[in-house]
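One structure below.
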Amino acid sequence: MGTSFIPALLAIEPEPSDLTVVITGLLLVFLILILLTLIITLQGKFFDSLEAKKKQTKSAPAPSAPAPAKPVNGGNVSAAAVLPAPGAVTPEIVAVIAAAVASMEQGAFTIRSIKPVSRAAQASGRKAWGQAGVQSNTAPF
Amino acid sequence: MSAIWQTLLSIIQNSGFTGLAQEPLYIVMLVVGCLLLYLAIVRGFEPLLLLPIAFGMILANLPGSNIIHMQYFIGVGDEVLLHPSWIDILNNGGLGDMLYMGVKLGIYPPLIFLGIGTMTDFGPLISNPKSLLLGAAAQLGIFTTFLGAKWLGFTGQEASSIGIIGGADGPTAIFVTSRLAPHLLGSIAVAAYSYMALVPVIQPPIMKALTTKKERCIVMSQLRTVSKTEKVIFPILCTIIVSLILPDSAVLVGMLMLGNLMKESGVVDRIQKTAGNELMNIITIFLGVSVGCTTSANTFLTLETVEIIVLGLIAFGFGTAGGVLFGKLMCWATHGKVNPLIGSAGVSAVPMAARVSQKVGQAENPQNFLLMHAMGPNVAGVIGSAVAAGILINIFG
């Protein structure tokens, strides 16, 4: 008696309840995609560490080359021309910007001020050219 | 003279006009077909699928055309066939019957996924794997619609097929419906593709209602660059893992990832180009025409179709809401690093839903470019809806 009705029961599997389907379905979709997320994150970290190791081996021989050259040129620094600080707006930069604006505007204009934008101020962290590129590529959307 | 008259009479009796007079609902179907053609051609509603579907609808509802015999596939009235009667199809079938075999045998949707895979870039997803969770959350639309459909009296199989509209994935919807509820294929396909075209209309109000202005203005940090090796490993890994856990989704996920691998590997340029262009175009024509041919007055002009259309809207709405709400959760968990608007792109209408995220975000902050960030959840949604399809086929198949 015990085992005779089991095959009959197995043949007629009742459909799971609606709530069971919804909860099981959502749970399984999330679990599978969480698993994929973890695996891809690990893969990303693995490749990042590989890249970091490659960079380390490349940069290690490079600093050793400029170091011996420094003591030789140390005495000539004060005689060399003083280069402007990076990011400073020199007269040459003003001239180039004025020429670029003139070619785009093709009309009367006055440049009132030119200031360098610090990288920290840009939330996106992109350089100006990168930002312009993104802007022109996404403009159709 | 009488012989000529007899011949003319027999031709007139066999003409479609006699059939129209006997069954006036054909005229209604022809009008519906023309309306869908208008939407496809003039309004631009997903014309690549909707035009062949609409024309298939017209061809199948011209009496006497015998282009398709749905009774050979699904039976007539209460007599439901477990398997199509292949001998009848091969002996008496028309063009629609032959083309529909590809739908019934589950050939076309996976091949379309193959083409889609060649056009998909998983880079944004790999660089930000958390997007997969947004793709999962957007599948809420599928399961809430399933509940709604069951509440309206549909069976489990029918409710699953209707629910899959919420995945916003045409091939997945057709794949599931052809297996679980083939008599609803025409209505579900028309609803699915129409709503996909309406994503830019349906999503923005829901996105704005569920987010604050501050959240919409969040600018996300730039994505890291993804190496070619990672892009090659991803499809292989994804296929193996997902197919081992859920074998019913293997064919859809596998073909999607095969197409992507062909693209990313860069060593099979010829077949990659074919899969994404010629093959996909051929299958699109066959699929569209044959799905359109399945629509007939007694299956399309019913209260069920109206219910499916309403449920389809609910599916898209809940899918969008699910993605945005999970995006808000991620925003809170990451202390404001994730813009919740990208959550709505988890609805896998690629790339339309990502563009909508971009537009809504840019309307609030013109310097905000969410497109690439939204592509991650967008393609994750394709994987998510294929997984959901596998689950429903497993339970009700």
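Going through the structure tokens in order, the chains are called A, B, and so on, while each chain numbers its residues from 1 and the ligands are numbered from 1 in the order shown.
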Item to check | Residues of chain A within 10 Å of chain B, only C-alpha atoms counted, as a ChimeraX atom specification | outcome: /A:15-19,21-44,47-48,51,123-126,131,134-135,138-141
Next on the checklist: as a PyMOL selection string, please: the residues near Gly141 (chain B) (cut-off 10 Å, only C-alpha atoms, same-chain neighbours under 5 positions excluded).
Outcome noted: chain B and resi 146+163-168+311-323+347
Taking N, CA, C and O atoms for each residue, export the selection above as a compact mmCIF listing (two decimals), in the first residue's frame.
# COMPACT_ATOMS: atom_id res chain seq x y z
N PHE B 146 1.85 38.30 -14.40
CA PHE B 146 1.41 36.91 -14.26
C PHE B 146 0.28 36.82 -13.23
O PHE B 146 -0.75 36.18 -13.47
N GLY B 163 2.64 37.42 -19.18
CA GLY B 163 3.61 38.07 -18.28
C GLY B 163 4.92 38.39 -18.97
O GLY B 163 5.53 39.43 -18.71
N ILE B 164 5.35 37.53 -19.87
CA ILE B 164 6.64 37.72 -20.54
C ILE B 164 6.65 38.99 -21.38
O ILE B 164 7.73 39.50 -21.72
N ILE B 165 5.47 39.54 -21.70
CA ILE B 165 5.46 40.84 -22.40
C ILE B 165 6.26 41.84 -21.57
O ILE B 165 6.94 42.72 -22.11
N GLY B 166 6.18 41.71 -20.23
CA GLY B 166 6.90 42.63 -19.34
C GLY B 166 8.40 42.55 -19.49
O GLY B 166 9.10 43.46 -19.05
N GLY B 167 8.90 41.49 -20.09
CA GLY B 167 10.34 41.40 -20.34
C GLY B 167 10.76 42.31 -21.47
O GLY B 167 11.94 42.53 -21.70
N ALA B 168 9.79 42.86 -22.19
CA ALA B 168 10.05 43.79 -23.30
C ALA B 168 11.00 43.20 -24.33
O ALA B 168 11.84 43.89 -24.89
N LEU B 311 -3.03 44.24 -19.80
CA LEU B 311 -2.00 43.60 -18.97
C LEU B 311 -0.60 43.95 -19.48
O LEU B 311 0.34 44.09 -18.69
N GLY B 312 -0.45 44.10 -20.80
CA GLY B 312 0.86 44.47 -21.36
C GLY B 312 1.31 45.82 -20.84
O GLY B 312 2.48 46.01 -20.51
N LEU B 313 0.37 46.76 -20.77
CA LEU B 313 0.71 48.09 -20.24
C LEU B 313 1.14 47.99 -18.78
O LEU B 313 2.11 48.61 -18.35
N ILE B 314 0.39 47.17 -18.01
CA ILE B 314 0.74 46.96 -16.60
C ILE B 314 2.13 46.35 -16.50
O ILE B 314 2.95 46.74 -15.65
N ALA B 315 2.43 45.41 -17.40
CA ALA B 315 3.74 44.73 -17.39
C ALA B 315 4.87 45.74 -17.56
O ALA B 315 5.83 45.75 -16.80
N PHE B 316 4.74 46.60 -18.56
CA PHE B 316 5.78 47.59 -18.80
C PHE B 316 5.89 48.57 -17.64
O PHE B 316 6.98 48.99 -17.25
N GLY B 317 4.73 48.98 -17.12
CA GLY B 317 4.73 49.93 -16.01
C GLY B 317 5.43 49.37 -14.78
O GLY B 317 6.30 50.02 -14.20
N PHE B 318 5.08 48.13 -14.41
CA PHE B 318 5.69 47.53 -13.23
C PHE B 318 7.15 47.21 -13.44
O PHE B 318 7.96 47.29 -12.52
N GLY B 319 7.51 46.86 -14.68
CA GLY B 319 8.93 46.60 -14.97
C GLY B 319 9.75 47.86 -14.78
O GLY B 319 10.81 47.85 -14.13
N THR B 320 9.24 48.97 -15.31
CA THR B 320 9.93 50.26 -15.15
C THR B 320 10.02 50.62 -13.67
O THR B 320 11.09 51.01 -13.17
N ALA B 321 8.88 50.48 -12.98
CA ALA B 321 8.85 50.84 -11.55
C ALA B 321 9.82 49.97 -10.75
O ALA B 321 10.56 50.48 -9.90
N GLY B 322 9.84 48.66 -11.05
CA GLY B 322 10.74 47.75 -10.33
C GLY B 322 12.18 48.15 -10.50
O GLY B 322 12.96 48.22 -9.54
N GLY B 323 12.57 48.49 -11.74
CA GLY B 323 13.94 48.89 -12.00
C GLY B 323 14.30 50.20 -11.31
O GLY B 323 15.36 50.32 -10.69
N VAL B 347 14.39 47.25 -18.27
CA VAL B 347 13.39 46.75 -19.21
C VAL B 347 14.12 46.56 -20.53
O VAL B 347 14.65 47.51 -21.09
Checklist entry - From the set B:Tyr38, B:Gly16, B:Asn365, B:Pro110, which residue has the shortest atom-to-atom contact distance to Pro171 (chain B), counting only C-alpha atoms? => result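 Closest to Pro171 (chain B), using only C-alpha atoms: B:Pro110.
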